[in-house]
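Okay, my_file38.txt is below, compact mmCIF, C-alpha atoms:
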# COMPACT_ATOMS: atom_id res chain seq x y z
CA MET A 1 11.12 2.71 -9.58
CA PRO A 2 10.37 5.65 -7.24
CA ARG A 3 12.34 5.65 -3.98
CA ILE A 4 10.69 6.44 -0.67
CA LEU A 5 12.17 6.83 2.83
CA VAL A 6 9.98 5.91 5.82
CA SER A 7 10.59 6.31 9.56
CA GLY A 8 8.55 4.78 12.38
CA VAL A 9 8.13 1.51 10.52
CA SER A 10 7.69 -0.66 13.63
CA GLY A 11 4.33 0.79 14.71
CA PRO A 12 0.88 -0.33 13.52
CA ILE A 13 0.70 2.46 10.93
CA GLY A 14 4.14 1.69 9.50
CA ALA A 15 3.36 -2.03 9.48
CA ALA A 16 0.26 -1.39 7.35
CA LEU A 17 1.87 1.29 5.18
CA LEU A 18 5.01 -0.53 4.02
CA PRO A 19 3.32 -3.43 2.17
CA SER A 20 1.01 -0.97 0.41
CA LEU A 21 3.96 1.15 -0.76
CA GLN A 22 5.75 -1.91 -2.08
CA ALA A 23 2.57 -3.09 -3.80
CA ARG A 24 2.38 0.26 -5.61
CA GLY A 25 5.91 -0.07 -6.92
CA TYR A 26 7.89 2.02 -4.44
CA GLN A 27 11.40 1.01 -3.46
CA VAL A 28 11.20 1.44 0.32
CA THR A 29 14.14 2.41 2.53
CA ARG A 30 13.66 2.47 6.29
CA LEU A 31 15.06 5.19 8.54
CA VAL A 32 15.82 3.27 11.74
CA ARG A 33 17.72 3.27 14.99
CA GLY A 34 20.49 0.67 14.62
CA ALA A 35 22.80 -0.67 11.96
CA ALA A 36 22.78 0.27 8.31
CA GLY A 37 21.62 -2.25 5.74
CA HIS A 38 20.71 -2.54 2.09
CA THR A 39 17.23 -1.10 2.77
CA GLN A 40 18.00 0.76 6.01
CA ILE A 41 19.57 4.08 6.96
CA PRO A 42 20.56 4.41 10.63
CA TRP A 43 19.76 7.58 12.52
CA ASP A 44 19.51 9.10 15.97
CA PRO A 45 16.47 11.44 16.15
CA ALA A 46 18.42 13.67 18.57
CA ARG A 47 21.01 14.40 15.86
CA PRO A 48 20.60 15.53 12.25
CA PRO A 49 21.30 12.77 9.71
CA ALA A 50 23.94 13.51 7.08
CA PRO A 51 22.17 15.41 4.27
CA GLU A 52 23.52 13.04 1.61
CA SER A 53 22.14 10.01 3.46
CA VAL A 54 18.61 11.33 2.84
CA SER A 55 19.27 12.74 -0.63
CA GLY A 56 17.70 11.45 -3.84
CA PHE A 57 14.40 10.11 -2.56
CA ASP A 58 11.11 10.80 -4.32
CA ALA A 59 9.21 11.15 -1.03
CA ILE A 60 9.74 11.00 2.73
CA ILE A 61 7.16 9.70 5.22
CA HIS A 62 8.11 10.46 8.83
CA LEU A 63 6.07 8.58 11.45
CA ALA A 64 8.59 8.10 14.28
CA GLY A 65 7.85 9.16 17.86
CA GLU A 66 7.72 7.88 21.43
CA THR A 67 4.36 6.32 22.30
CA VAL A 68 2.08 8.60 24.28
CA VAL A 69 0.60 5.63 26.16
CA GLY A 70 1.79 5.39 29.75
CA ARG A 71 1.91 7.60 32.83
CA TRP A 72 3.29 11.00 31.86
CA THR A 73 6.21 11.47 34.20
CA ALA A 74 8.56 14.37 33.51
CA ALA A 75 10.96 11.96 31.78
CA LYS A 76 8.17 10.41 29.68
CA LYS A 77 6.92 13.84 28.58
CA ALA A 78 10.47 14.83 27.59
CA ARG A 79 10.75 11.69 25.44
CA ILE A 80 7.36 12.34 23.84
CA ARG A 81 8.31 15.91 22.96
CA ASP A 82 11.94 15.38 21.94
CA SER A 83 11.32 12.30 19.80
CA ARG A 84 8.80 14.29 17.76
CA VAL A 85 10.10 17.84 17.76
CA LEU A 86 13.86 17.26 17.65
CA GLY A 87 13.54 14.26 15.33
CA THR A 88 11.35 16.13 12.85
CA ARG A 89 13.45 19.32 13.00
CA ASN A 90 16.69 17.41 12.44
CA LEU A 91 15.25 15.44 9.52
CA ALA A 92 13.72 18.56 7.93
CA GLN A 93 17.04 20.42 8.17
CA ALA A 94 18.92 17.52 6.58
CA LEU A 95 16.40 17.32 3.73
CA ALA A 96 16.69 21.08 3.15
CA GLN A 97 20.47 20.71 2.83
CA ALA A 98 20.41 17.60 0.61
CA SER A 99 21.75 17.93 -2.92
CA GLN A 100 18.64 16.18 -4.28
CA ARG A 101 15.69 17.22 -2.16
CA PRO A 102 12.49 15.16 -2.19
CA PRO A 103 9.43 16.78 -3.77
CA VAL A 104 7.29 15.88 -0.75
CA LEU A 105 7.62 15.31 3.01
CA ILE A 106 4.70 13.79 4.92
CA THR A 107 4.99 13.87 8.70
CA ALA A 108 2.73 12.50 11.40
CA SER A 109 0.96 14.83 13.79
CA ALA A 110 -2.14 14.25 15.89
CA ILE A 111 -5.60 15.65 16.57
CA GLY A 112 -4.22 16.26 20.06
CA TYR A 113 -3.33 19.62 18.46
CA TYR A 114 -6.89 20.80 19.16
CA GLY A 115 -7.03 19.96 22.86
CA ASP A 116 -10.30 19.38 24.73
CA ARG A 117 -12.98 21.28 22.76
CA GLY A 118 -16.39 19.86 23.71
CA ASP A 119 -18.87 19.83 20.81
CA GLU A 120 -16.97 22.33 18.63
CA ILE A 121 -16.43 21.08 15.05
CA LEU A 122 -12.69 21.19 14.39
CA ARG A 123 -11.16 21.72 10.97
CA GLU A 124 -7.58 22.22 9.82
CA ASP A 125 -7.83 25.99 10.27
CA SER A 126 -9.14 25.69 13.86
CA SER A 127 -6.94 27.19 16.57
CA PRO A 128 -4.71 24.97 18.71
CA GLY A 129 -5.88 23.95 22.16
CA LYS A 130 -4.23 24.25 25.55
CA GLY A 131 -2.22 21.60 27.37
CA PHE A 132 0.78 19.37 26.90
CA LEU A 133 -0.35 17.55 23.75
CA PRO A 134 -1.43 20.71 21.89
CA GLU A 135 1.96 22.27 22.71
CA VAL A 136 3.81 19.20 21.46
CA CYS A 137 1.75 19.03 18.26
CA ARG A 138 2.23 22.73 17.57
CA GLU A 139 6.01 22.43 17.97
CA TRP A 140 6.03 19.12 16.04
CA GLU A 141 4.36 20.70 13.02
CA ALA A 142 6.52 23.84 13.21
CA ALA A 143 9.61 21.60 13.17
CA THR A 144 9.03 20.93 9.46
CA GLU A 145 9.66 24.59 8.61
CA ALA A 146 13.17 24.09 7.17
CA ALA A 147 11.81 21.61 4.62
CA SER A 148 8.90 23.78 3.48
CA ALA A 149 11.18 26.84 3.33
CA ALA A 150 13.44 24.86 1.00
CA GLY A 151 10.55 24.28 -1.42
CA ILE A 152 9.59 20.78 -0.31
CA ARG A 153 5.81 20.24 -0.27
CA THR A 154 5.17 19.41 3.36
CA ALA A 155 2.02 17.91 4.90
CA GLN A 156 1.39 17.27 8.59
CA VAL A 157 -1.13 14.46 9.03
CA ARG A 158 -3.22 15.04 12.16
CA ILE A 159 -4.08 11.46 13.05
CA GLY A 160 -7.09 10.49 15.15
CA LEU A 161 -7.78 7.26 17.05
CA VAL A 162 -6.43 4.59 14.70
CA LEU A 163 -8.43 1.36 14.49
CA SER A 164 -5.94 -1.41 13.77
CA PRO A 165 -6.08 -5.17 14.40
CA VAL A 166 -2.48 -5.05 15.66
CA GLY A 167 -1.19 -2.57 18.22
CA GLY A 168 -2.64 0.79 19.10
CA ALA A 169 -5.57 1.76 21.29
CA LEU A 170 -8.11 -0.73 19.92
CA GLN A 171 -5.97 -3.73 20.76
CA LYS A 172 -5.65 -2.52 24.37
CA MET A 173 -9.43 -2.15 24.58
CA LEU A 174 -10.28 -5.57 23.17
CA THR A 175 -9.38 -7.74 26.18
CA PRO A 176 -11.57 -6.00 28.77
CA PHE A 177 -14.42 -5.64 26.27
CA LYS A 178 -14.22 -9.33 25.30
CA LEU A 179 -14.45 -10.17 29.00
CA GLY A 180 -17.55 -7.99 29.37
CA LEU A 181 -15.60 -5.48 31.45
CA GLY A 182 -15.82 -2.53 29.07
CA GLY A 183 -17.69 0.70 29.57
CA ASN A 184 -17.71 4.45 29.09
CA MET A 185 -14.73 6.60 29.96
CA GLY A 186 -15.96 9.33 32.29
CA ASN A 187 -19.43 10.56 31.29
CA GLY A 188 -19.03 9.19 27.75
CA ARG A 189 -20.04 12.50 26.14
CA GLN A 190 -16.57 13.33 24.81
CA TRP A 191 -16.11 13.02 21.04
CA TRP A 192 -13.69 10.40 19.72
CA SER A 193 -12.53 11.00 16.13
CA TRP A 194 -11.38 7.68 14.71
CA ILE A 195 -9.97 6.31 11.45
CA ASP A 196 -9.56 2.79 10.11
CA VAL A 197 -5.88 2.00 9.55
CA GLY A 198 -6.65 1.12 5.91
CA ASP A 199 -8.13 4.57 5.37
CA LEU A 200 -5.13 6.17 7.07
CA VAL A 201 -2.81 4.34 4.67
CA GLY A 202 -5.07 5.37 1.80
CA ALA A 203 -5.02 8.99 2.96
CA ILE A 204 -1.20 8.98 3.02
CA HIS A 205 -1.15 7.68 -0.57
CA HIS A 206 -3.71 10.34 -1.51
CA ILE A 207 -1.47 13.07 -0.08
CA LEU A 208 1.58 11.63 -1.87
CA GLU A 209 -0.23 11.79 -5.19
CA ASN A 210 -2.08 15.09 -4.76
CA ASP A 211 0.18 18.12 -5.24
CA ARG A 212 -2.47 20.47 -3.83
CA LEU A 213 -2.37 18.96 -0.35
CA ALA A 214 0.08 20.66 2.00
CA GLY A 215 0.10 21.89 5.59
CA PRO A 216 -2.10 20.21 8.22
CA VAL A 217 -4.44 17.45 7.00
CA ASN A 218 -6.93 15.87 9.40
CA ALA A 219 -6.81 12.07 9.10
CA VAL A 220 -10.10 11.00 10.67
CA ALA A 221 -13.26 9.35 9.39
CA PRO A 222 -16.04 11.82 8.46
CA SER A 223 -18.26 10.43 11.25
CA PRO A 224 -16.84 11.00 14.76
CA VAL A 225 -18.75 9.40 17.63
CA THR A 226 -19.05 10.02 21.34
CA ASN A 227 -17.17 7.73 23.68
CA ALA A 228 -20.51 6.27 24.78
CA GLU A 229 -21.41 5.44 21.17
CA PHE A 230 -17.95 3.98 20.53
CA THR A 231 -18.26 1.82 23.65
CA LYS A 232 -21.75 0.61 22.76
CA THR A 233 -20.73 -0.18 19.17
CA LEU A 234 -17.58 -2.10 20.12
CA ALA A 235 -19.45 -4.11 22.74
CA GLY A 236 -22.20 -4.87 20.24
CA VAL A 237 -19.75 -6.08 17.59
CA LEU A 238 -18.17 -8.36 20.21
CA SER A 239 -21.61 -9.47 21.50
CA ARG A 240 -20.68 -8.45 25.02
CA PRO A 241 -22.23 -6.09 27.57
CA ALA A 242 -20.58 -2.73 28.30
CA ILE A 243 -21.76 -1.97 31.79
CA LEU A 244 -18.61 -1.15 33.73
CA PRO A 245 -17.77 2.52 33.13
CA MET A 246 -14.50 4.01 34.31
CA PRO A 247 -15.31 7.22 36.22
CA ALA A 248 -13.17 10.22 35.38
CA LEU A 249 -11.61 10.16 38.84
CA ALA A 250 -10.59 6.51 38.42
CA ALA A 251 -9.12 7.26 34.99
CA ARG A 252 -7.08 10.11 36.45
CA LEU A 253 -5.86 7.92 39.29
CA ALA A 254 -4.85 5.19 36.85
CA PHE A 255 -3.37 7.29 34.04
CA GLY A 256 -2.71 10.76 35.45
CA GLN A 257 -2.50 13.62 32.93
CA MET A 258 -2.83 11.19 30.02
CA ALA A 259 -6.43 10.53 31.06
CA ASP A 260 -7.44 14.20 30.76
CA GLU A 261 -5.68 14.84 27.45
CA LEU A 262 -6.33 11.53 25.67
CA LEU A 263 -9.15 9.48 27.17
CA LEU A 264 -11.47 12.18 28.51
CA ALA A 265 -10.72 14.97 25.98
CA SER A 266 -13.39 15.77 23.41
CA GLN A 267 -12.28 16.31 19.80
CA ARG A 268 -14.97 16.46 17.13
CA VAL A 269 -12.73 16.61 14.07
CA GLU A 270 -13.73 16.88 10.41
CA PRO A 271 -11.43 15.70 7.56
CA THR A 272 -12.11 18.85 5.55
CA LYS A 273 -9.10 18.73 3.22
CA LEU A 274 -9.37 15.02 2.47
CA MET A 275 -13.06 15.33 1.60
CA ALA A 276 -12.56 18.49 -0.48
CA SER A 277 -9.78 16.82 -2.46
CA GLY A 278 -11.92 13.76 -3.20
CA TYR A 279 -10.44 11.11 -0.94
CA PRO A 280 -12.83 8.10 -1.08
CA PHE A 281 -13.20 6.88 2.49
CA GLN A 282 -13.70 3.12 2.64
CA HIS A 283 -14.87 3.10 6.26
CA SER A 284 -17.14 5.92 7.38
CA ASP A 285 -19.37 3.77 9.58
CA LEU A 286 -17.84 2.71 12.90
CA LYS A 287 -19.82 -0.54 13.24
CA LYS A 288 -18.83 -1.74 9.76
CA ALA A 289 -15.22 -0.68 10.32
CA LEU A 290 -15.00 -2.65 13.58
CA GLU A 291 -16.70 -5.70 12.05
CA ASP A 292 -14.24 -5.73 9.15
CA LEU A 293 -11.22 -5.15 11.40
CA LEU A 294 -12.08 -7.90 13.86
CA LYS A 295 -12.41 -10.41 11.00
CA ARG A 296 -8.86 -9.69 9.77
Just dump the structure as structure tokens.
Amino acid sequence: MPRILVSGVSGPIGAALLPSLQARGYQVTRLVRGAAGHTQIPWDPARPPAPESVSGFDAIIHLAGETVVGRWTAAKKARIRDSRVLGTRNLAQALAQASQRPPVLITASAIGYYGDRGDEILREDSSPGKGFLPEVCREWEAATEAASAAGIRTAQVRIGLVLSPVGGALQKMLTPFKLGLGGNMGNGRQWWSWIDVGDLVGAIHHILENDRLAGPVNAVAPSPVTNAEFTKTLAGVLSRPAILPMPALAARLAFGQMADELLLASQRVEPTKLMASGYPFQHSDLKKALEDLLKR
């Protein structure tokens, strides 16, 4: 039975990923803050784990990181950066020093790498953007260098807006939209690149099983939409109006820098590598994806 080590298991992605790994015959060990257990290895992202504690696995999936949701104070930004950059660097260094290195390391990243780019079509070879999130993503991906230098196939999954029935951005949007209080963010013209959580899990399996996939991999559906289209579609699926937009100024007052780099930023991202390698997207249509999700 192949052995796999997974961090960040408490989030909506980890919650969806773990059952699918077990269903495919993986023996799953969790990398967690806290006490050791039969299926758990304790770690502190600020310190490298002992190389032998992460030795002998057939694959590593590293999803851990401080949530980006919330007002970005100096302390919050430090936690966002350090949890990703230091945690990934320390894990990569431990894997490089392990006596039995894994063949593959898959780490989370984000389409925040590209910054606010208007209508530009963004692929894996597009340049990074400017701002806090692009800087964090650039350092986050570079933090895997020790693993790739040691011969471990390393992929950084640039994740878009994840549609999940539990947790994440969609859950936070559902209450106001169900109450008929939803609407565009800003002018609504910014591109939102989304992915159904089932397709994200499928993409991770696809990367695990495809030796040709390495480096950055965009994990988004092949049909990004504008914020206005997203808003209209979600409201339609819920049979509610969407007539209360949040002006950009109000978003900035409520969320500060997070508004500009997450809610109002435009990222029209294409999953070039996944499509070229034959990944069969199950949800390419936003309306169908939302209908299926909200029935779960």
Check your understanding: Which residue gives the smallest distance to Gln93 (chain A) among A:Glu66, A:Asp119, A:Glu291, A:Glu145, with all atoms listed in the file counted?
Key -> A:Glu145
Point to revise | Nearest to Ile159 (chain A) by atom-to-atom distance, counting only C-alpha atoms, from A:Glu52, A:Asp44, A:Glu124, A:Asp82 | key: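 Nearest candidate to Ile159 (chain A) out of A:Glu52, A:Asp44, A:Glu124, A:Asp82: A:Glu124.
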**Study point:** Residue neighbourhood Pro42 (chain A), 8 Å, only C-alpha atoms, exclusion window fewer than 3 positions, as a ChimeraX atom specification
**Key:** /A:31-36
Would you mind listing, for every residue of region 230-296 of chain A within 8 Å of region 101-113 of chain A, the two atoms forming the shortest contact and the distance between them in Å to one decimal, using all atoms listed in the file, sorted by chain and ascending residue number, as a tab-separated table?
residue	atom	partner	partner_atom	distance
A:Glu261	CA	A:Gly112	CA	7.7
A:Leu262	CA	A:Gly112	CA	7.6
A:Gln267	CA	A:Ile111	CA	7.4
A:Val269	CA	A:Ile111	CA	7.6
Please determine an axis-aligned box that encloses all atoms of region 100-107 of chain A listed in the file, with 6 Å added on each side, and express its centre and edge lengths in Å to one decimal as AutoDock Vina command-line options.
--center_x 11.7 --center_y 15.5 --center_z 2.2 --size_x 25.9 --size_y 15.4 --size_z 25.0
Check your understanding: What does the distance from CA of Met258 (chain A) to CA of Phe132 (chain A) come to in Å, to one decimal?
Key ->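 About the pair CA of Met258 (chain A) and CA of Phe132 (chain A): they are 9.5 Å apart.
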Practice item. Have a look at CA of Ala92 (chain A) and CA of Pro48 (chain A) and let me know their distance in Å, one decimal. Key: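 A separation of 8.7 Å between them.
Proximity to Phe57 (chain A) was assessed for A:Leu213, A:Leu263, A:Ala98, A:Ala251 counting all atoms listed in the file; the smallest distance is recorded for A:Ala98.
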